[in-house]
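Participant: See target-v8.cif below, with mmCIF, C-alpha atoms and all ligand atoms.
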data_query
loop_
_atom_site.label_atom_id
_atom_site.label_comp_id
_atom_site.auth_asym_id
_atom_site.auth_seq_id
_atom_site.Cartn_x
_atom_site.Cartn_y
_atom_site.Cartn_z
CA MET A 1 -17.30 -27.98 23.08
CA PRO A 2 -15.25 -27.17 19.98
CA GLU A 3 -17.24 -26.83 16.78
CA ALA A 4 -16.46 -28.96 13.72
CA LEU A 5 -14.95 -26.97 10.85
CA ILE A 6 -14.18 -28.04 7.29
CA VAL A 7 -11.56 -26.12 5.34
CA VAL A 8 -12.23 -25.98 1.60
CA GLY A 9 -8.99 -25.69 -0.33
CA ALA A 10 -5.74 -27.59 0.11
CA GLY A 11 -3.59 -24.96 -1.58
CA GLY A 12 -1.45 -22.27 -0.03
CA PHE A 13 -4.26 -20.18 1.42
CA GLY A 14 -6.07 -23.27 2.68
CA ARG A 15 -3.03 -24.27 4.67
CA GLU A 16 -2.49 -20.71 5.90
CA THR A 17 -6.09 -20.78 7.09
CA LEU A 18 -5.25 -23.93 9.06
CA ASP A 19 -2.51 -21.86 10.71
CA VAL A 20 -5.10 -19.21 11.62
CA ILE A 21 -7.41 -21.83 13.11
CA GLU A 22 -4.57 -23.44 15.07
CA ALA A 23 -3.52 -20.03 16.43
CA ILE A 24 -7.10 -19.18 17.47
CA ASN A 25 -7.33 -22.48 19.33
CA ALA A 26 -3.91 -22.00 20.93
CA VAL A 27 -4.90 -18.72 22.62
CA SER A 28 -8.37 -19.85 23.70
CA PRO A 29 -8.93 -21.36 27.16
CA SER A 30 -10.31 -24.39 25.32
CA PRO A 31 -10.27 -25.08 21.56
CA ILE A 32 -12.91 -23.22 19.53
CA TRP A 33 -12.63 -25.44 16.46
CA THR A 34 -12.00 -29.06 15.59
CA VAL A 35 -10.91 -29.34 11.97
CA THR A 36 -12.79 -32.26 10.41
CA GLY A 37 -10.46 -32.16 7.43
CA VAL A 38 -9.78 -30.46 4.14
CA VAL A 39 -12.02 -30.72 1.09
CA ASP A 40 -10.61 -30.06 -2.37
CA ASP A 41 -11.90 -31.31 -5.72
CA ALA A 42 -8.45 -31.54 -7.31
CA PRO A 43 -5.56 -31.14 -4.89
CA SER A 44 -2.03 -31.43 -6.21
CA ASP A 45 0.16 -34.30 -5.01
CA ALA A 46 2.43 -31.74 -3.36
CA ASP A 47 -0.45 -30.21 -1.40
CA LEU A 48 -1.72 -33.65 -0.34
CA ALA A 49 1.75 -34.43 1.00
CA ARG A 50 1.87 -31.08 2.82
CA LEU A 51 -1.51 -31.76 4.45
CA ALA A 52 -0.51 -35.27 5.44
CA ALA A 53 2.71 -33.98 7.01
CA ARG A 54 0.55 -31.80 9.28
CA GLY A 55 -1.84 -34.62 10.13
CA TYR A 56 -4.86 -33.23 8.29
CA ALA A 57 -7.09 -35.55 6.28
CA HIS A 58 -8.05 -34.81 2.70
CA LEU A 59 -11.75 -35.70 2.73
CA GLY A 60 -12.20 -35.74 -1.03
CA ALA A 61 -14.28 -33.54 -3.30
CA ILE A 62 -17.13 -31.19 -2.32
CA ASP A 63 -19.83 -33.43 -3.76
CA ASP A 64 -18.49 -36.43 -1.81
CA ASN A 65 -18.93 -34.55 1.47
CA ARG A 66 -22.50 -33.22 1.43
CA GLU A 67 -23.36 -34.97 4.72
CA ARG A 68 -20.24 -33.63 6.40
CA PHE A 69 -20.99 -30.08 5.22
CA ALA A 70 -24.48 -30.36 6.72
CA ALA A 71 -23.02 -31.30 10.11
CA ALA A 72 -20.15 -28.79 10.35
CA ARG A 73 -19.23 -25.19 9.66
CA HIS A 74 -16.89 -24.47 6.77
CA VAL A 75 -14.54 -21.84 5.44
CA VAL A 76 -13.69 -21.50 1.76
CA ALA A 77 -9.96 -20.88 1.77
CA ILE A 78 -9.19 -20.56 -1.94
CA GLY A 79 -7.03 -17.61 -2.94
CA SER A 80 -8.59 -16.77 -6.30
CA PRO A 81 -11.65 -14.52 -5.76
CA ALA A 82 -13.47 -15.91 -8.80
CA THR A 83 -12.88 -19.55 -7.87
CA ARG A 84 -13.82 -18.82 -4.27
CA ALA A 85 -17.14 -17.28 -5.36
CA ARG A 86 -17.94 -20.29 -7.56
CA VAL A 87 -17.20 -22.72 -4.73
CA VAL A 88 -19.24 -20.73 -2.19
CA ALA A 89 -22.19 -20.85 -4.61
CA ARG A 90 -22.04 -24.68 -4.43
CA LEU A 91 -22.18 -24.73 -0.62
CA ASP A 92 -24.76 -23.70 1.93
CA ASP A 93 -23.69 -20.21 2.97
CA GLY A 94 -25.63 -20.59 6.22
CA ARG A 95 -22.95 -22.97 7.49
CA THR A 96 -20.03 -20.66 6.75
CA ALA A 97 -17.91 -19.91 9.81
CA ASP A 98 -17.88 -16.42 11.23
CA ALA A 99 -14.73 -14.42 10.56
CA LEU A 100 -11.51 -16.25 11.46
CA VAL A 101 -8.98 -13.74 12.74
CA HIS A 102 -5.42 -14.68 13.64
CA PRO A 103 -4.72 -13.57 17.23
CA ARG A 104 -1.67 -11.66 16.03
CA ALA A 105 -3.70 -9.54 13.62
CA VAL A 106 -4.96 -6.16 14.81
CA VAL A 107 -8.59 -5.26 14.25
CA GLY A 108 -9.67 -1.71 15.10
CA SER A 109 -12.82 -0.34 16.64
CA GLN A 110 -16.14 -0.54 14.84
CA ALA A 111 -14.80 -3.00 12.28
CA ARG A 112 -17.45 -5.21 10.70
CA LEU A 113 -16.15 -8.55 9.44
CA SER A 114 -18.70 -10.71 7.66
CA HIS A 115 -18.90 -14.51 7.60
CA GLY A 116 -16.23 -16.41 5.70
CA VAL A 117 -13.62 -13.70 6.24
CA VAL A 118 -10.08 -14.90 6.98
CA VAL A 119 -7.53 -12.49 8.46
CA CYS A 120 -3.94 -13.78 8.65
CA SER A 121 -1.14 -12.96 11.05
CA GLY A 122 0.31 -9.49 11.05
CA ALA A 123 -2.61 -7.91 9.23
CA GLN A 124 -3.74 -4.53 10.54
CA ILE A 125 -7.30 -3.43 10.06
CA SER A 126 -8.07 0.10 11.21
CA THR A 127 -11.21 1.66 12.64
CA ASN A 128 -14.61 1.50 10.96
CA VAL A 129 -13.57 -0.97 8.25
CA THR A 130 -16.21 -3.15 6.61
CA LEU A 131 -15.19 -6.48 5.08
CA GLY A 132 -17.86 -8.31 3.06
CA ALA A 133 -18.36 -12.05 3.10
CA HIS A 134 -15.45 -14.32 2.19
CA VAL A 135 -12.85 -11.54 2.11
CA HIS A 136 -9.28 -12.77 2.60
CA VAL A 137 -6.67 -10.54 4.21
CA ASN A 138 -3.23 -12.07 3.79
CA PRO A 139 -0.26 -11.75 6.17
CA GLY A 140 0.96 -8.25 6.82
CA ALA A 141 -1.69 -6.44 4.78
CA ILE A 142 -2.82 -3.06 6.09
CA ILE A 143 -6.33 -1.69 5.68
CA GLY A 144 -6.93 1.95 6.53
CA HIS A 145 -9.78 3.59 8.42
CA ASP A 146 -13.28 3.62 6.91
CA ALA A 147 -12.39 1.30 4.02
CA THR A 148 -15.19 -0.87 2.66
CA PHE A 149 -14.80 -4.16 0.84
CA GLY A 150 -17.40 -6.07 -1.12
CA SER A 151 -17.57 -9.85 -0.90
CA PHE A 152 -14.80 -12.14 -2.19
CA VAL A 153 -11.99 -9.57 -2.17
CA SER A 154 -8.44 -10.83 -1.69
CA VAL A 155 -5.75 -8.57 -0.29
CA ASN A 156 -2.39 -10.24 -0.83
CA PRO A 157 0.56 -10.09 1.57
CA GLY A 158 1.87 -6.68 2.47
CA ALA A 159 -0.62 -4.66 0.43
CA VAL A 160 -1.73 -1.30 1.80
CA ILE A 161 -5.30 -0.15 1.30
CA SER A 162 -5.47 3.45 2.47
CA GLY A 163 -8.27 5.15 4.35
CA ALA A 164 -11.79 5.34 2.93
CA VAL A 165 -10.99 3.19 -0.12
CA GLU A 166 -13.86 1.20 -1.61
CA VAL A 167 -12.90 -2.19 -3.03
CA GLY A 168 -15.52 -3.85 -5.20
CA GLU A 169 -16.68 -7.45 -4.98
CA GLY A 170 -14.27 -10.08 -6.28
CA SER A 171 -11.26 -7.77 -6.66
CA LEU A 172 -7.69 -8.80 -5.96
CA VAL A 173 -5.02 -6.45 -4.67
CA GLY A 174 -1.57 -7.90 -5.31
CA ALA A 175 1.26 -8.31 -2.86
CA ALA A 176 2.81 -5.06 -1.63
CA ALA A 177 0.51 -2.90 -3.77
CA VAL A 178 -0.66 0.46 -2.42
CA VAL A 179 -4.08 1.99 -3.06
CA LEU A 180 -4.17 5.66 -2.15
CA GLN A 181 -6.83 7.13 0.10
CA GLY A 182 -10.40 7.61 -0.96
CA LEU A 183 -10.15 5.73 -4.28
CA ARG A 184 -12.48 3.09 -5.68
CA VAL A 185 -11.29 -0.24 -7.02
CA GLY A 186 -14.07 -1.56 -9.24
CA ARG A 187 -15.74 -4.93 -8.98
CA GLY A 188 -13.61 -7.79 -10.29
CA ALA A 189 -10.52 -5.65 -10.83
CA THR A 190 -6.94 -6.82 -10.30
CA VAL A 191 -4.20 -4.60 -8.92
CA GLY A 192 -0.77 -6.02 -9.76
CA ALA A 193 1.86 -6.75 -7.16
CA ALA A 194 3.78 -3.65 -6.04
CA ALA A 195 1.51 -1.26 -7.97
CA CYS A 196 0.67 2.18 -6.65
CA VAL A 197 -2.93 3.03 -7.45
CA THR A 198 -3.41 6.79 -7.78
CA ARG A 199 -6.77 6.88 -9.63
CA ASP A 200 -10.01 4.94 -9.46
CA VAL A 201 -9.75 1.48 -11.07
CA GLU A 202 -12.55 0.53 -13.48
CA PRO A 203 -14.41 -2.73 -12.86
CA GLY A 204 -12.83 -5.85 -14.31
CA VAL A 205 -9.56 -4.32 -15.43
CA VAL A 206 -5.96 -5.22 -14.52
CA VAL A 207 -3.68 -2.38 -13.47
CA LYS A 208 0.02 -2.55 -12.62
CA GLY A 209 3.07 -0.38 -12.12
CA VAL A 210 3.78 2.95 -10.46
CA PRO A 211 1.56 4.83 -11.00
CA ALA A 212 -0.78 1.96 -11.82
CA ARG A 213 -2.09 1.88 -15.40
C1 LIG B 301 -0.37 -7.85 -12.74
C2 LIG B 301 -0.71 -9.33 -12.92
C3 LIG B 301 -2.16 -9.58 -12.53
C4 LIG B 301 -0.51 -9.62 -14.40
O1 LIG B 301 -0.69 -10.96 -14.63
P1 LIG B 301 -0.66 -11.49 -16.16
O2 LIG B 301 -1.71 -10.79 -16.96
O3 LIG B 301 -0.68 -12.98 -16.13
O4 LIG B 301 0.72 -10.92 -16.68
P2 LIG B 301 2.02 -11.65 -17.25
O5 LIG B 301 2.69 -12.44 -16.18
O6 LIG B 301 1.61 -12.35 -18.51
O7 LIG B 301 2.94 -10.43 -17.59
C5 LIG B 301 2.57 -9.48 -18.60
C6 LIG B 301 3.55 -8.32 -18.53
O8 LIG B 301 3.30 -7.58 -17.31
C7 LIG B 301 4.49 -7.53 -16.50
N1 LIG B 301 4.06 -7.62 -15.12
C8 LIG B 301 3.46 -8.68 -14.51
N2 LIG B 301 3.15 -8.38 -13.25
C9 LIG B 301 3.56 -7.11 -13.05
C10 LIG B 301 3.51 -6.27 -11.92
N3 LIG B 301 2.97 -6.66 -10.77
N4 LIG B 301 4.00 -5.02 -12.05
C11 LIG B 301 4.55 -4.60 -13.23
N5 LIG B 301 4.63 -5.38 -14.34
C12 LIG B 301 4.14 -6.62 -14.23
C13 LIG B 301 5.32 -8.71 -16.97
O9 LIG B 301 6.70 -8.50 -16.72
C14 LIG B 301 5.01 -8.74 -18.44
O10 LIG B 301 5.75 -7.72 -19.05
P3 LIG B 301 6.30 -7.88 -20.56
O11 LIG B 301 5.08 -8.05 -21.43
O12 LIG B 301 7.05 -6.62 -20.82
O13 LIG B 301 7.15 -9.10 -20.55
C15 LIG B 301 0.16 -10.24 -12.04
O14 LIG B 301 1.48 -10.33 -12.54
C16 LIG B 301 0.22 -9.81 -10.59
O15 LIG B 301 0.99 -8.93 -10.18
N6 LIG B 301 -0.63 -10.48 -9.76
C17 LIG B 301 -0.62 -10.36 -8.32
C18 LIG B 301 0.30 -11.46 -7.80
C19 LIG B 301 0.46 -11.48 -6.30
O16 LIG B 301 -0.01 -10.66 -5.55
N7 LIG B 301 1.15 -12.52 -5.86
C20 LIG B 301 1.33 -12.80 -4.46
C21 LIG B 301 0.49 -13.99 -4.10
S1 LIG B 301 0.59 -14.35 -2.40
#
Here is the file; what I need is its structure written in the form of structure tokens.
Facilitator:
Amino acid sequence: MPEALIVVGAGGFGRETLDVIEAINAVSPSPIWTVTGVVDDAPSDADLARLAARGYAHLGAIDDNRERFAAARHVVAIGSPATRARVVARLDDGRTADALVHPRAVVGSQARLSHGVVVCSGAQISTNVTLGAHVHVNPGAIIGHDATFGSFVSVNPGAVISGAVEVGEGSLVGAAAVVLQGLRVGRGATVGAAACVTRDVEPGVVVKGVPAR
């Protein structure tokens, strides 16, 4: 029997997560998930129209759906790490879905993917990688061997996290950025799109450019 799943977030990453769920179901002998619908406190009109065009119901706000959350699993599919962490704190973490991995992503040996993780198509995760809870790996991102991520990290499309990098909780690595091997990206830091990180990044700071400053 497929399990009921609520997607939290009607924005871009929420709808990409629906793609991941559809792809998982498509390659399974029988569907793993039945999407109950999408919960979002303040969806835009454009995102509501995009959901409707795909046949997904907008169920309303989080607080209007407490009974549904108690009866289903959920995934918080909001791109911003800080917003994602705030929303997770309002929900029962015990009902979070296990990692959702697109069948056309590659996940290496001894990888540990915590609950709430979403891995999109084309992502490549090497051996002995640890992803904390609610980490998002966007399409085409590459994560090198032995890298470790705290909770709520977002790796945007096409970014490259080299081997043995440590990425702190709540950090965001922008699209097509590169973090060189063995470095630490501090908690809550932001690496700008297309940056090349050549030194450790202090917690909470924004770095950009090549080399990233
Ligand atoms: C680096 C970043 C966090 C800065 O955001 P911000 O503080 O709002 O910066 P602003 O847009 O106000 O730009 C400030 C300056 O930085 C420059 N800048 C912005 N992003 C940059 C980047 N990635 N690399 C180099 N310079 C950048 C701007 O051109 C601007 O320069 P100026 O002052 O000379 O005009 C953001 O631009 C970024 O790259 N985020 C990641 C986005 C991403 O991955 N998108 C894909 C989503 S799927």
Participant: Quick check, in Å to one decimal: how far apart do CA of Gly209 in chain A and CA of His134 in chain A lie?
Facilitator: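 Distance reported for this atom pair: 27.2 Å.
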Participant: Per residue of chain A within 6 Å of ligand LIG 301 (chain B), note the shortest atom pair and the distance in Å to one decimal, counting only C-alpha atoms and all ligand atoms, and order the rows by chain and increasing residue number, as a tab-separated table.
Facilitator:
residue	atom	partner	partner_atom	distance
A:Asn156	CA	B:LIG301	O16	5.3
A:Pro157	CA	B:LIG301	S1	5.8
A:Gly174	CA	B:LIG301	O16	3.2
A:Ala175	CA	B:LIG301	O16	3.8
A:Thr190	CA	B:LIG301	C3	6.0
A:Gly192	CA	B:LIG301	O15	3.4
A:Ala193	CA	B:LIG301	N3	3.8
A:Ala194	CA	B:LIG301	N3	5.7
A:Lys208	CA	B:LIG301	N4	4.7
A:Gly209	CA	B:LIG301	C11	4.6
Participant: So, counting only C-alpha atoms, which residue among A:Arg73, A:His102, A:Arg95, A:Arg54 is closest to His136 in chain A?
Facilitator: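 Going through A:Arg73, A:His102, A:Arg95, A:Arg54 one by one, the smallest distance to His136 in chain A is for A:His102.
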Participant: Between A:Val107, A:Val173, A:Ala77, A:Ala159, which is the closest to His145 in chain A once you count all atoms listed in the file?
Facilitator: A:Val107
Participant: With distances taken over only C-alpha atoms, which of A:Val101, A:Ala177, A:Leu183, A:Ala57 is nearest to Val27 in chain A?
Facilitator: A:Val101
Participant: May I ask which of the residues A:Val119, A:Ala52, A:Val39, A:Val160 is the closest one to Leu91 in chain A, counting all atoms listed in the file?
Facilitator: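 Answer, going by the shortest atom-to-atom distance: A:Val39.
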Participant: CA of Val117 in chain A and CA of Leu131 in chain A are how many Å apart?
Facilitator: 7.5 Å
